[in-house]
file my_file29.cif (mmCIF, N, CA and C atoms)
data_target
#
loop_
_atom_site.label_atom_id
_atom_site.label_comp_id
_atom_site.auth_asym_id
_atom_site.auth_seq_id
_atom_site.Cartn_x
_atom_site.Cartn_y
_atom_site.Cartn_z
N MET A 1 0.83 -1.17 0.00
CA MET A 1 0.00 0.00 0.00
C MET A 1 0.88 1.25 0.00
N LYS A 2 0.60 2.15 -0.93
CA LYS A 2 1.39 3.36 -1.06
C LYS A 2 0.94 4.39 -0.02
N LYS A 3 1.93 5.00 0.65
CA LYS A 3 1.62 6.00 1.65
C LYS A 3 1.20 7.31 1.00
N PHE A 4 0.28 8.00 1.63
CA PHE A 4 -0.16 9.31 1.20
C PHE A 4 0.89 10.35 1.60
N LYS A 5 1.37 11.11 0.64
CA LYS A 5 2.33 12.17 0.92
C LYS A 5 1.60 13.51 0.86
N ARG A 6 1.69 14.29 1.92
CA ARG A 6 1.08 15.61 1.92
C ARG A 6 1.79 16.51 0.92
N LYS A 7 1.00 17.30 0.22
CA LYS A 7 1.54 18.21 -0.79
C LYS A 7 1.87 19.55 -0.16
N ILE A 8 3.09 20.00 -0.40
CA ILE A 8 3.54 21.29 0.11
C ILE A 8 3.98 22.16 -1.06
N LEU A 9 3.38 23.34 -1.14
CA LEU A 9 3.76 24.31 -2.14
C LEU A 9 4.67 25.34 -1.46
N ILE A 10 5.89 25.44 -1.93
CA ILE A 10 6.86 26.42 -1.42
C ILE A 10 6.83 27.60 -2.40
N ILE A 11 6.60 28.79 -1.88
CA ILE A 11 6.58 29.99 -2.72
C ILE A 11 7.74 30.88 -2.31
N ILE A 12 8.58 31.19 -3.30
CA ILE A 12 9.77 32.00 -3.06
C ILE A 12 10.02 32.85 -4.30
N GLY A 13 10.64 34.00 -4.13
CA GLY A 13 10.88 34.89 -5.26
C GLY A 13 11.82 34.30 -6.31
N SER A 14 12.97 33.82 -5.87
CA SER A 14 13.92 33.22 -6.81
C SER A 14 14.76 32.18 -6.07
N LEU A 15 15.50 31.42 -6.83
CA LEU A 15 16.38 30.40 -6.26
C LEU A 15 17.84 30.79 -6.46
N ASP A 16 18.11 32.08 -6.29
CA ASP A 16 19.49 32.55 -6.34
C ASP A 16 20.24 32.03 -5.12
N ILE A 17 21.56 32.11 -5.17
CA ILE A 17 22.35 31.59 -4.06
C ILE A 17 22.27 32.57 -2.90
N GLY A 18 21.67 32.11 -1.82
CA GLY A 18 21.54 32.90 -0.60
C GLY A 18 21.34 31.93 0.55
N GLY A 19 21.40 32.42 1.75
CA GLY A 19 21.26 31.56 2.92
C GLY A 19 19.94 30.83 2.98
N THR A 20 18.85 31.54 2.72
CA THR A 20 17.53 30.92 2.78
C THR A 20 17.37 29.86 1.71
N GLU A 21 17.80 30.18 0.49
CA GLU A 21 17.65 29.24 -0.62
C GLU A 21 18.46 27.97 -0.41
N LYS A 22 19.67 28.11 0.11
CA LYS A 22 20.50 26.93 0.39
C LYS A 22 19.93 26.10 1.54
N GLN A 23 19.44 26.77 2.56
CA GLN A 23 18.82 26.06 3.68
C GLN A 23 17.57 25.32 3.21
N LEU A 24 16.76 25.97 2.38
CA LEU A 24 15.56 25.35 1.85
C LEU A 24 15.91 24.11 1.03
N LEU A 25 16.96 24.19 0.23
CA LEU A 25 17.40 23.05 -0.57
C LEU A 25 17.74 21.86 0.32
N LYS A 26 18.46 22.09 1.41
CA LYS A 26 18.81 21.01 2.33
C LYS A 26 17.57 20.41 2.99
N ILE A 27 16.66 21.26 3.42
CA ILE A 27 15.45 20.78 4.11
C ILE A 27 14.59 19.96 3.16
N ILE A 28 14.35 20.49 1.97
CA ILE A 28 13.53 19.75 1.00
C ILE A 28 14.19 18.43 0.63
N GLY A 29 15.50 18.46 0.44
CA GLY A 29 16.22 17.23 0.11
C GLY A 29 16.06 16.16 1.16
N SER A 30 16.09 16.53 2.42
CA SER A 30 15.98 15.54 3.49
C SER A 30 14.53 15.11 3.76
N LEU A 31 13.56 15.91 3.33
CA LEU A 31 12.15 15.58 3.60
C LEU A 31 11.38 15.11 2.36
N SER A 32 12.04 15.04 1.21
CA SER A 32 11.32 14.71 -0.03
C SER A 32 10.75 13.30 -0.07
N ASN A 33 11.24 12.41 0.79
CA ASN A 33 10.66 11.06 0.86
C ASN A 33 9.32 11.05 1.60
N TYR A 34 9.07 12.09 2.36
CA TYR A 34 7.88 12.14 3.21
C TYR A 34 6.81 13.11 2.73
N PHE A 35 7.20 14.07 1.89
CA PHE A 35 6.27 15.08 1.39
C PHE A 35 6.45 15.24 -0.11
N ASP A 36 5.38 15.65 -0.76
CA ASP A 36 5.40 15.94 -2.19
C ASP A 36 5.56 17.46 -2.34
N PHE A 37 6.77 17.92 -2.67
CA PHE A 37 7.08 19.34 -2.76
C PHE A 37 6.91 19.86 -4.17
N THR A 38 6.37 21.06 -4.26
CA THR A 38 6.42 21.87 -5.47
C THR A 38 6.97 23.21 -5.06
N VAL A 39 7.98 23.69 -5.78
CA VAL A 39 8.59 24.98 -5.47
C VAL A 39 8.22 25.94 -6.59
N LEU A 40 7.60 27.05 -6.21
CA LEU A 40 7.29 28.11 -7.16
C LEU A 40 8.29 29.24 -6.96
N SER A 41 9.12 29.47 -7.95
CA SER A 41 10.07 30.58 -7.95
C SER A 41 9.52 31.58 -8.96
N PHE A 42 8.72 32.53 -8.49
CA PHE A 42 7.90 33.32 -9.41
C PHE A 42 8.61 34.48 -10.10
N ILE A 43 9.80 34.89 -9.65
CA ILE A 43 10.52 35.97 -10.33
C ILE A 43 11.45 35.39 -11.39
N ARG A 44 12.26 34.41 -11.00
CA ARG A 44 13.19 33.75 -11.93
C ARG A 44 13.68 32.46 -11.27
N GLY A 45 14.32 31.63 -12.07
CA GLY A 45 14.84 30.37 -11.55
C GLY A 45 15.99 30.58 -10.58
N GLY A 46 17.07 31.15 -11.05
CA GLY A 46 18.22 31.40 -10.18
C GLY A 46 19.30 30.34 -10.29
N ASP A 47 20.39 30.59 -9.60
CA ASP A 47 21.58 29.73 -9.68
C ASP A 47 21.38 28.33 -9.09
N LEU A 48 20.45 28.18 -8.17
CA LEU A 48 20.23 26.87 -7.54
C LEU A 48 19.14 26.03 -8.21
N LEU A 49 18.58 26.51 -9.30
CA LEU A 49 17.49 25.81 -9.97
C LEU A 49 17.86 24.36 -10.32
N ASN A 50 19.01 24.15 -10.90
CA ASN A 50 19.42 22.79 -11.29
C ASN A 50 19.63 21.89 -10.07
N ASP A 51 20.06 22.46 -8.95
CA ASP A 51 20.23 21.66 -7.73
C ASP A 51 18.89 21.13 -7.23
N TYR A 52 17.84 21.96 -7.34
CA TYR A 52 16.51 21.51 -6.95
C TYR A 52 16.02 20.42 -7.92
N LYS A 53 16.28 20.62 -9.20
CA LYS A 53 15.84 19.62 -10.19
C LYS A 53 16.57 18.29 -10.03
N LYS A 54 17.83 18.31 -9.60
CA LYS A 54 18.58 17.07 -9.36
C LYS A 54 17.92 16.24 -8.26
N LEU A 55 17.27 16.91 -7.33
CA LEU A 55 16.56 16.21 -6.25
C LEU A 55 15.18 15.71 -6.70
N LYS A 56 14.87 15.95 -7.98
CA LYS A 56 13.58 15.57 -8.56
C LYS A 56 12.42 16.29 -7.86
N ILE A 57 12.67 17.55 -7.51
CA ILE A 57 11.65 18.41 -6.94
C ILE A 57 11.01 19.16 -8.09
N LYS A 58 9.69 19.19 -8.11
CA LYS A 58 8.99 19.94 -9.14
C LYS A 58 9.18 21.43 -8.87
N VAL A 59 9.75 22.14 -9.86
CA VAL A 59 10.02 23.57 -9.72
C VAL A 59 9.30 24.31 -10.84
N LEU A 60 8.54 25.31 -10.46
CA LEU A 60 7.83 26.15 -11.42
C LEU A 60 8.52 27.50 -11.49
N VAL A 61 8.89 27.92 -12.69
CA VAL A 61 9.55 29.21 -12.89
C VAL A 61 8.90 29.89 -14.10
N PRO A 62 8.98 31.22 -14.16
CA PRO A 62 8.46 31.89 -15.36
C PRO A 62 9.32 31.55 -16.57
N LYS A 63 8.73 31.60 -17.75
CA LYS A 63 9.47 31.28 -18.96
C LYS A 63 10.63 32.24 -19.17
N LYS A 64 10.41 33.50 -18.83
CA LYS A 64 11.49 34.48 -18.88
C LYS A 64 11.17 35.57 -17.87
N GLU A 65 12.21 36.23 -17.42
CA GLU A 65 12.03 37.29 -16.43
C GLU A 65 11.34 38.49 -17.10
N SER A 66 10.33 39.00 -16.44
CA SER A 66 9.54 40.09 -16.99
C SER A 66 10.32 41.40 -17.02
N GLN A 67 10.23 42.10 -18.13
CA GLN A 67 10.86 43.42 -18.28
C GLN A 67 9.80 44.52 -18.23
N ARG A 68 8.58 44.17 -17.91
CA ARG A 68 7.49 45.13 -17.89
C ARG A 68 7.58 46.04 -16.67
N SER A 69 6.70 47.01 -16.63
CA SER A 69 6.68 47.94 -15.50
C SER A 69 6.24 47.20 -14.23
N MET A 70 6.55 47.78 -13.09
CA MET A 70 6.31 47.14 -11.80
C MET A 70 4.84 46.70 -11.61
N PRO A 71 3.83 47.53 -11.91
CA PRO A 71 2.44 47.05 -11.71
C PRO A 71 2.13 45.79 -12.52
N PHE A 72 2.61 45.73 -13.76
CA PHE A 72 2.36 44.55 -14.59
C PHE A 72 3.10 43.33 -14.05
N ARG A 73 4.32 43.55 -13.56
CA ARG A 73 5.07 42.43 -12.98
C ARG A 73 4.36 41.89 -11.75
N ILE A 74 3.89 42.76 -10.89
CA ILE A 74 3.19 42.32 -9.67
C ILE A 74 1.95 41.53 -10.04
N ILE A 75 1.20 42.01 -11.02
CA ILE A 75 0.00 41.29 -11.46
C ILE A 75 0.38 39.92 -12.01
N SER A 76 1.44 39.84 -12.79
CA SER A 76 1.85 38.54 -13.35
C SER A 76 2.35 37.61 -12.26
N TYR A 77 3.03 38.14 -11.23
CA TYR A 77 3.49 37.31 -10.11
C TYR A 77 2.29 36.75 -9.34
N ILE A 78 1.32 37.60 -9.08
CA ILE A 78 0.12 37.16 -8.35
C ILE A 78 -0.63 36.11 -9.16
N TYR A 79 -0.73 36.32 -10.46
CA TYR A 79 -1.38 35.33 -11.33
C TYR A 79 -0.64 34.00 -11.27
N MET A 80 0.69 34.03 -11.33
CA MET A 80 1.48 32.80 -11.28
C MET A 80 1.30 32.08 -9.95
N ILE A 81 1.26 32.83 -8.85
CA ILE A 81 1.03 32.23 -7.53
C ILE A 81 -0.33 31.56 -7.49
N LEU A 82 -1.36 32.26 -7.94
CA LEU A 82 -2.72 31.71 -7.93
C LEU A 82 -2.84 30.49 -8.83
N LYS A 83 -2.27 30.56 -10.02
CA LYS A 83 -2.32 29.44 -10.96
C LYS A 83 -1.62 28.20 -10.39
N SER A 84 -0.44 28.37 -9.83
CA SER A 84 0.29 27.23 -9.28
C SER A 84 -0.42 26.66 -8.06
N PHE A 85 -1.05 27.53 -7.28
CA PHE A 85 -1.82 27.09 -6.11
C PHE A 85 -2.98 26.20 -6.56
N ILE A 86 -3.72 26.64 -7.53
CA ILE A 86 -4.88 25.88 -8.01
C ILE A 86 -4.45 24.57 -8.67
N GLN A 87 -3.37 24.59 -9.46
CA GLN A 87 -2.91 23.39 -10.15
C GLN A 87 -2.30 22.36 -9.21
N SER A 88 -1.54 22.80 -8.23
CA SER A 88 -0.85 21.83 -7.37
C SER A 88 -1.73 21.30 -6.24
N LYS A 89 -2.81 22.00 -5.92
CA LYS A 89 -3.73 21.57 -4.86
C LYS A 89 -2.99 21.17 -3.59
N PRO A 90 -2.23 22.10 -3.02
CA PRO A 90 -1.41 21.75 -1.85
C PRO A 90 -2.23 21.62 -0.57
N ASP A 91 -1.70 20.85 0.36
CA ASP A 91 -2.26 20.78 1.71
C ASP A 91 -1.70 21.92 2.55
N ILE A 92 -0.45 22.28 2.25
CA ILE A 92 0.27 23.31 3.00
C ILE A 92 0.94 24.25 2.00
N VAL A 93 0.88 25.55 2.29
CA VAL A 93 1.57 26.55 1.49
C VAL A 93 2.59 27.22 2.41
N HIS A 94 3.85 27.24 1.97
CA HIS A 94 4.91 27.81 2.79
C HIS A 94 5.57 28.94 2.02
N PHE A 95 5.50 30.14 2.58
CA PHE A 95 6.08 31.33 1.97
C PHE A 95 7.48 31.57 2.55
N TYR A 96 8.43 31.89 1.67
CA TYR A 96 9.78 32.23 2.09
C TYR A 96 10.14 33.60 1.56
N LEU A 97 10.69 34.45 2.43
CA LEU A 97 11.19 35.78 2.11
C LEU A 97 10.07 36.76 1.77
N PRO A 98 10.33 38.04 1.91
CA PRO A 98 9.28 39.07 1.82
C PRO A 98 8.46 39.09 0.54
N HIS A 99 9.10 38.90 -0.61
CA HIS A 99 8.33 38.95 -1.86
C HIS A 99 7.17 37.97 -1.83
N SER A 100 7.44 36.77 -1.40
CA SER A 100 6.41 35.73 -1.48
C SER A 100 5.26 35.97 -0.51
N TYR A 101 5.56 36.34 0.74
CA TYR A 101 4.43 36.49 1.64
C TYR A 101 3.72 37.81 1.45
N LEU A 102 4.36 38.81 0.88
CA LEU A 102 3.63 40.05 0.56
C LEU A 102 2.69 39.84 -0.62
N LEU A 103 3.15 39.13 -1.64
CA LEU A 103 2.31 38.91 -2.82
C LEU A 103 1.31 37.77 -2.65
N GLY A 104 1.64 36.80 -1.82
CA GLY A 104 0.74 35.65 -1.64
C GLY A 104 -0.18 35.75 -0.45
N SER A 105 -0.15 36.88 0.24
CA SER A 105 -0.94 37.01 1.47
C SER A 105 -2.44 37.00 1.25
N PHE A 106 -2.88 37.11 0.01
CA PHE A 106 -4.32 37.07 -0.27
C PHE A 106 -4.89 35.66 -0.24
N LEU A 107 -4.06 34.64 -0.42
CA LEU A 107 -4.55 33.26 -0.52
C LEU A 107 -5.42 32.81 0.66
N PRO A 108 -5.01 33.06 1.90
CA PRO A 108 -5.85 32.58 3.02
C PRO A 108 -7.26 33.18 3.04
N TYR A 109 -7.43 34.35 2.46
CA TYR A 109 -8.76 34.96 2.43
C TYR A 109 -9.71 34.22 1.50
N PHE A 110 -9.18 33.60 0.46
CA PHE A 110 -10.01 32.90 -0.51
C PHE A 110 -9.98 31.38 -0.34
N PHE A 111 -8.92 30.87 0.24
CA PHE A 111 -8.75 29.42 0.42
C PHE A 111 -8.41 29.16 1.89
N SER A 112 -9.37 29.34 2.75
CA SER A 112 -9.12 29.31 4.19
C SER A 112 -8.91 27.92 4.77
N LYS A 113 -9.24 26.87 4.04
CA LYS A 113 -9.12 25.52 4.59
C LYS A 113 -7.70 24.95 4.49
N LYS A 114 -6.82 25.65 3.83
CA LYS A 114 -5.43 25.21 3.70
C LYS A 114 -4.62 25.69 4.90
N LYS A 115 -3.46 25.10 5.08
CA LYS A 115 -2.52 25.52 6.11
C LYS A 115 -1.48 26.43 5.46
N TYR A 116 -1.16 27.53 6.13
CA TYR A 116 -0.20 28.50 5.61
C TYR A 116 0.90 28.73 6.63
N LEU A 117 2.13 28.77 6.11
CA LEU A 117 3.30 29.03 6.95
C LEU A 117 4.12 30.14 6.31
N MET A 118 4.84 30.87 7.12
CA MET A 118 5.72 31.90 6.62
C MET A 118 7.05 31.77 7.36
N SER A 119 8.12 31.68 6.61
CA SER A 119 9.45 31.61 7.23
C SER A 119 10.24 32.84 6.86
N ARG A 120 10.91 33.38 7.85
CA ARG A 120 11.71 34.58 7.65
C ARG A 120 13.14 34.34 8.11
N ARG A 121 14.06 34.85 7.36
CA ARG A 121 15.46 34.93 7.78
C ARG A 121 15.88 36.33 7.37
N SER A 122 15.44 37.31 8.11
CA SER A 122 15.63 38.68 7.68
C SER A 122 15.93 39.60 8.85
N LEU A 123 16.71 40.61 8.59
CA LEU A 123 16.96 41.65 9.58
C LEU A 123 16.13 42.90 9.29
N ASN A 124 15.15 42.76 8.40
CA ASN A 124 14.20 43.81 8.06
C ASN A 124 14.82 45.01 7.34
N TYR A 125 15.98 44.85 6.74
CA TYR A 125 16.59 45.96 6.01
C TYR A 125 15.72 46.41 4.84
N TYR A 126 15.00 45.49 4.22
CA TYR A 126 14.14 45.84 3.09
C TYR A 126 13.05 46.82 3.51
N GLN A 127 12.66 46.82 4.78
CA GLN A 127 11.58 47.69 5.23
C GLN A 127 11.97 49.16 5.16
N LYS A 128 13.24 49.47 5.24
CA LYS A 128 13.68 50.86 5.18
C LYS A 128 13.41 51.47 3.81
N LYS A 129 13.34 50.64 2.77
CA LYS A 129 13.11 51.12 1.42
C LYS A 129 11.62 51.31 1.11
N ILE A 130 10.76 50.64 1.87
CA ILE A 130 9.32 50.67 1.60
C ILE A 130 8.61 51.21 2.84
N PRO A 131 8.23 52.49 2.83
CA PRO A 131 7.72 53.13 4.04
C PRO A 131 6.53 52.44 4.71
N PHE A 132 5.54 51.97 3.95
CA PHE A 132 4.36 51.39 4.60
C PHE A 132 4.65 50.06 5.29
N LEU A 133 5.76 49.42 4.97
CA LEU A 133 6.12 48.17 5.64
C LEU A 133 6.74 48.39 7.02
N GLN A 134 7.16 49.60 7.29
CA GLN A 134 7.80 49.89 8.57
C GLN A 134 6.82 49.75 9.73
N ILE A 135 5.53 49.73 9.47
CA ILE A 135 4.53 49.61 10.55
C ILE A 135 4.40 48.19 11.06
N TYR A 136 4.90 47.18 10.32
CA TYR A 136 4.77 45.78 10.74
C TYR A 136 5.66 45.49 11.89
#

call {"tool": "encode", "arguments": {"input": "my_file29.cif", "output": "structure tokens"}}
result
Amino acid sequence: MKKFKRKILIIIGSLDIGGTEKQLLKIIGSLSNYFDFTVLSFIRGGDLLNDYKKLKIKVLVPKKESQRSMPFRIISYIYMILKSFIQSKPDIVHFYLPHSYLLGSFLPYFFSKKKYLMSRRSLNYYQKKIPFLQIY
């Protein structure tokens, strides 16, 4: 009898080489026998993309990085998050880094029966650039 593996959708801006991305790679690698992971890298693939694929982790990336204006990029990122959410039908959605949880924060309002997690490894330096985020 085949065991049921819970589906986890990981949402992250990119898979560039950074502390969070490398830590995520190690965690997913060690837990991939127990969970069915899908990683959505909605801005671009990044330098670690092939490392995730070597682990046979399903990775969703845009076909090419958008050169459009910021409002159009944000709309396309939100569309990609929503599309991957509906297609992967996850049990758990895990947001990593500010881009993902700022853009994906609408999901719990429309899909409240899912479990949502947010992981941060940040010293909040990005908040200095965006005034309305300083209130958090």

call {"tool": "closest_residue", "arguments": {"input": "my_file29.cif", "among": "A:Lys7, A:Gln67, A:Tyr116, A:Glu21", "to": "Gln87 (chain A)", "atoms": "only C-alpha atoms"}}
result
A:Lys7

call {"tool": "resolve_selection", "arguments": {"input": "my_file29.cif", "expression": "the PyMOL selection byres ((chain A and resi 118) around 6.5)", "output": "VMD selection string"}}
result
chain A and resid 93 to 96 116 to 117 119 to 120

call {"tool": "closest_residue", "arguments": {"input": "my_file29.cif", "among": "A:Ser112, A:Ser88, A:Gln23, A:Ser41", "to": "Leu60 (chain A)", "atoms": "all atoms listed in the file"}}
result
A:Ser41

call {"tool": "resolve_selection", "arguments": {"input": "my_file29.cif", "expression": "the PyMOL selection byres ((chain A and resi 47) around 6.5)", "output": "ChimeraX atom specification"}}
result
/A:15-17,45-46,48-51

call {"tool": "residues_around", "arguments": {"input": "my_file29.cif", "residues": "Asp91 (chain A)", "least_positions_apart": "2", "cutoff": "9 Å", "atoms": "only C-alpha atoms", "output": "number ranges by chain"}}
result
A: 6-9, 89, 93, 113-116

call {"tool": "atom_distance", "arguments": {"input": "my_file29.cif", "atom1": "CA of Leu103 (chain A)", "atom2": "atom C of Ser84 (chain A)"}}
result
13.6 Å

call {"tool": "select_by_dssp", "arguments": {"input": "my_file29.cif", "residues": "chain A", "states": "strand (DSSP E or B)", "output": "PDB file with N, CA and C atoms, in the frame of the given file"}}
result
ATOM      1  N   ARG A   6       1.690  14.290   1.920  1.00  0.00           N
ATOM      2  CA  ARG A   6       1.080  15.610   1.920  1.00  0.00           C
ATOM      3  C   ARG A   6       1.790  16.510   0.920  1.00  0.00           C
ATOM      4  N   LYS A   7       1.000  17.300   0.220  1.00  0.00           N
ATOM      5  CA  LYS A   7       1.540  18.210  -0.790  1.00  0.00           C
ATOM      6  C   LYS A   7       1.870  19.550  -0.160  1.00  0.00           C
ATOM      7  N   ILE A   8       3.090  20.000  -0.400  1.00  0.00           N
ATOM      8  CA  ILE A   8       3.540  21.290   0.110  1.00  0.00           C
ATOM      9  C   ILE A   8       3.980  22.160  -1.060  1.00  0.00           C
ATOM     10  N   LEU A   9       3.380  23.340  -1.140  1.00  0.00           N
ATOM     11  CA  LEU A   9       3.760  24.310  -2.140  1.00  0.00           C
ATOM     12  C   LEU A   9       4.670  25.340  -1.460  1.00  0.00           C
ATOM     13  N   ILE A  10       5.890  25.440  -1.930  1.00  0.00           N
ATOM     14  CA  ILE A  10       6.860  26.420  -1.420  1.00  0.00           C
ATOM     15  C   ILE A  10       6.830  27.600  -2.400  1.00  0.00           C
ATOM     16  N   ILE A  11       6.600  28.790  -1.880  1.00  0.00           N
ATOM     17  CA  ILE A  11       6.580  29.990  -2.720  1.00  0.00           C
ATOM     18  C   ILE A  11       7.740  30.880  -2.310  1.00  0.00           C
ATOM     19  N   ILE A  12       8.580  31.190  -3.300  1.00  0.00           N
ATOM     20  CA  ILE A  12       9.770  32.000  -3.060  1.00  0.00           C
ATOM     21  C   ILE A  12      10.020  32.850  -4.300  1.00  0.00           C
ATOM     22  N   GLY A  13      10.640  34.000  -4.130  1.00  0.00           N
ATOM     23  CA  GLY A  13      10.880  34.890  -5.260  1.00  0.00           C
ATOM     24  C   GLY A  13      11.820  34.300  -6.310  1.00  0.00           C
ATOM     25  N   SER A  14      12.970  33.820  -5.870  1.00  0.00           N
ATOM     26  CA  SER A  14      13.920  33.220  -6.810  1.00  0.00           C
ATOM     27  C   SER A  14      14.760  32.180  -6.070  1.00  0.00           C
ATOM     28  N   PHE A  35       7.200  14.070   1.890  1.00  0.00           N
ATOM     29  CA  PHE A  35       6.270  15.080   1.390  1.00  0.00           C
ATOM     30  C   PHE A  35       6.450  15.240  -0.110  1.00  0.00           C
ATOM     31  N   ASP A  36       5.380  15.650  -0.760  1.00  0.00           N
ATOM     32  CA  ASP A  36       5.400  15.940  -2.190  1.00  0.00           C
ATOM     33  C   ASP A  36       5.560  17.460  -2.340  1.00  0.00           C
ATOM     34  N   PHE A  37       6.770  17.920  -2.670  1.00  0.00           N
ATOM     35  CA  PHE A  37       7.080  19.340  -2.760  1.00  0.00           C
ATOM     36  C   PHE A  37       6.910  19.860  -4.170  1.00  0.00           C
ATOM     37  N   THR A  38       6.370  21.060  -4.260  1.00  0.00           N
ATOM     38  CA  THR A  38       6.420  21.870  -5.470  1.00  0.00           C
ATOM     39  C   THR A  38       6.970  23.210  -5.060  1.00  0.00           C
ATOM     40  N   VAL A  39       7.980  23.690  -5.780  1.00  0.00           N
ATOM     41  CA  VAL A  39       8.590  24.980  -5.470  1.00  0.00           C
ATOM     42  C   VAL A  39       8.220  25.940  -6.590  1.00  0.00           C
ATOM     43  N   LEU A  40       7.600  27.050  -6.210  1.00  0.00           N
ATOM     44  CA  LEU A  40       7.290  28.110  -7.160  1.00  0.00           C
ATOM     45  C   LEU A  40       8.290  29.240  -6.960  1.00  0.00           C
ATOM     46  N   SER A  41       9.120  29.470  -7.950  1.00  0.00           N
ATOM     47  CA  SER A  41      10.070  30.580  -7.950  1.00  0.00           C
ATOM     48  C   SER A  41       9.520  31.580  -8.960  1.00  0.00           C
ATOM     49  N   PHE A  42       8.720  32.530  -8.490  1.00  0.00           N
ATOM     50  CA  PHE A  42       7.900  33.320  -9.410  1.00  0.00           C
ATOM     51  C   PHE A  42       8.610  34.480 -10.100  1.00  0.00           C
ATOM     52  N   ILE A  43       9.800  34.890  -9.650  1.00  0.00           N
ATOM     53  CA  ILE A  43      10.520  35.970 -10.330  1.00  0.00           C
ATOM     54  C   ILE A  43      11.450  35.390 -11.390  1.00  0.00           C
ATOM     55  N   ARG A  44      12.260  34.410 -11.000  1.00  0.00           N
ATOM     56  CA  ARG A  44      13.190  33.750 -11.930  1.00  0.00           C
ATOM     57  C   ARG A  44      13.680  32.460 -11.270  1.00  0.00           C
ATOM     58  N   LYS A  58       9.690  19.190  -8.110  1.00  0.00           N
ATOM     59  CA  LYS A  58       8.990  19.940  -9.140  1.00  0.00           C
ATOM     60  C   LYS A  58       9.180  21.430  -8.870  1.00  0.00           C
ATOM     61  N   VAL A  59       9.750  22.140  -9.860  1.00  0.00           N
ATOM     62  CA  VAL A  59      10.020  23.570  -9.720  1.00  0.00           C
ATOM     63  C   VAL A  59       9.300  24.310 -10.840  1.00  0.00           C
ATOM     64  N   LEU A  60       8.540  25.310 -10.460  1.00  0.00           N
ATOM     65  CA  LEU A  60       7.830  26.150 -11.420  1.00  0.00           C
ATOM     66  C   LEU A  60       8.520  27.500 -11.490  1.00  0.00           C
ATOM     67  N   ILE A  92      -0.450  22.280   2.250  1.00  0.00           N
ATOM     68  CA  ILE A  92       0.270  23.310   3.000  1.00  0.00           C
ATOM     69  C   ILE A  92       0.940  24.250   2.000  1.00  0.00           C
ATOM     70  N   VAL A  93       0.880  25.550   2.290  1.00  0.00           N
ATOM     71  CA  VAL A  93       1.570  26.550   1.490  1.00  0.00           C
ATOM     72  C   VAL A  93       2.590  27.220   2.410  1.00  0.00           C
ATOM     73  N   HIS A  94       3.850  27.240   1.970  1.00  0.00           N
ATOM     74  CA  HIS A  94       4.910  27.810   2.790  1.00  0.00           C
ATOM     75  C   HIS A  94       5.570  28.940   2.020  1.00  0.00           C
ATOM     76  N   PHE A  95       5.500  30.140   2.580  1.00  0.00           N
ATOM     77  CA  PHE A  95       6.080  31.330   1.970  1.00  0.00           C
ATOM     78  C   PHE A  95       7.480  31.570   2.550  1.00  0.00           C
ATOM     79  N   TYR A  96       8.430  31.890   1.670  1.00  0.00           N
ATOM     80  CA  TYR A  96       9.780  32.230   2.090  1.00  0.00           C
ATOM     81  C   TYR A  96      10.140  33.600   1.560  1.00  0.00           C
ATOM     82  N   LYS A 115      -3.460  25.100   5.080  1.00  0.00           N
ATOM     83  CA  LYS A 115      -2.520  25.520   6.110  1.00  0.00           C
ATOM     84  C   LYS A 115      -1.480  26.430   5.460  1.00  0.00           C
ATOM     85  N   TYR A 116      -1.160  27.530   6.130  1.00  0.00           N
ATOM     86  CA  TYR A 116      -0.200  28.500   5.610  1.00  0.00           C
ATOM     87  C   TYR A 116       0.900  28.730   6.630  1.00  0.00           C
ATOM     88  N   LEU A 117       2.130  28.770   6.110  1.00  0.00           N
ATOM     89  CA  LEU A 117       3.300  29.030   6.950  1.00  0.00           C
ATOM     90  C   LEU A 117       4.120  30.140   6.310  1.00  0.00           C
ATOM     91  N   MET A 118       4.840  30.870   7.120  1.00  0.00           N
ATOM     92  CA  MET A 118       5.720  31.900   6.620  1.00  0.00           C
ATOM     93  C   MET A 118       7.050  31.770   7.360  1.00  0.00           C
ATOM     94  N   SER A 119       8.120  31.680   6.610  1.00  0.00           N
ATOM     95  CA  SER A 119       9.450  31.610   7.230  1.00  0.00           C
ATOM     96  C   SER A 119      10.240  32.840   6.860  1.00  0.00           C
TER      97      SER A 119
END

call {"tool": "resolve_selection", "arguments": {"input": "my_file29.cif", "expression": "the PyMOL selection byres (((chain A and resi 38 and name CA) around 7) and name CA)", "output": "list in words"}}
result
Ile8, Leu9, Ile10, Asp36, Phe37, Val39, Leu40, Ile57, Lys58 and Val59 of chain A

call {"tool": "atom_distance", "arguments": {"input": "my_file29.cif", "atom1": "atom N of Tyr34 (chain A)", "atom2": "atom N of Lys3 (chain A)"}}
result
10.2 Å

call {"tool": "atom_distance", "arguments": {"input": "my_file29.cif", "atom1": "atom N of Leu107 (chain A)", "atom2": "CA of Ile11 (chain A)"}}
result
11.8 Å

call {"tool": "axis_aligned_box", "arguments": {"input": "my_file29.cif", "around": "region 28-38 of chain A", "padding_each_side": "5 Å", "output": "lines of an AutoDock Vina configuration file"}}
result
center_x = 10.8
center_y = 17.1
center_z = -0.9
size_x = 20.8
size_y = 22.2
size_z = 19.2

call {"tool": "closest_residue", "arguments": {"input": "my_file29.cif", "among": "A:Ser30, A:Phe42, A:His99, A:Lys22", "to": "Met80 (chain A)", "atoms": "only N, CA and C atoms"}}
result
A:Phe42

call {"tool": "residues_around", "arguments": {"input": "my_file29.cif", "residues": "Tyr77 (chain A)", "least_positions_apart": "4", "cutoff": "12 Å", "atoms": "only C-alpha atoms", "output": "list in words"}}
result
Ile11, Ile12, Gly13, Ser14, Leu40, Ser41, Phe42, Ile43, Arg44, Val61, Pro62, Glu65, Ser66, Arg68, Met70, Pro71, Phe72, Arg73, Ile81, Leu82, Lys83, Ser84, His99, Ser100, Tyr101, Leu102, Leu103 and Gly104 of chain A

call {"tool": "closest_residue", "arguments": {"input": "my_file29.cif", "among": "A:Phe85, A:Ile74, A:Lys56, A:Phe4", "to": "Gly29 (chain A)", "atoms": "only C-alpha atoms"}}
result
A:Lys56

call {"tool": "select_by_dssp", "arguments": {"input": "my_file29.cif", "residues": "chain A", "states": "alpha helix (DSSP H)", "output": "PyMOL selection string"}}
result
chain A and resi 19-31+49-54+70-88+97-103+107-110
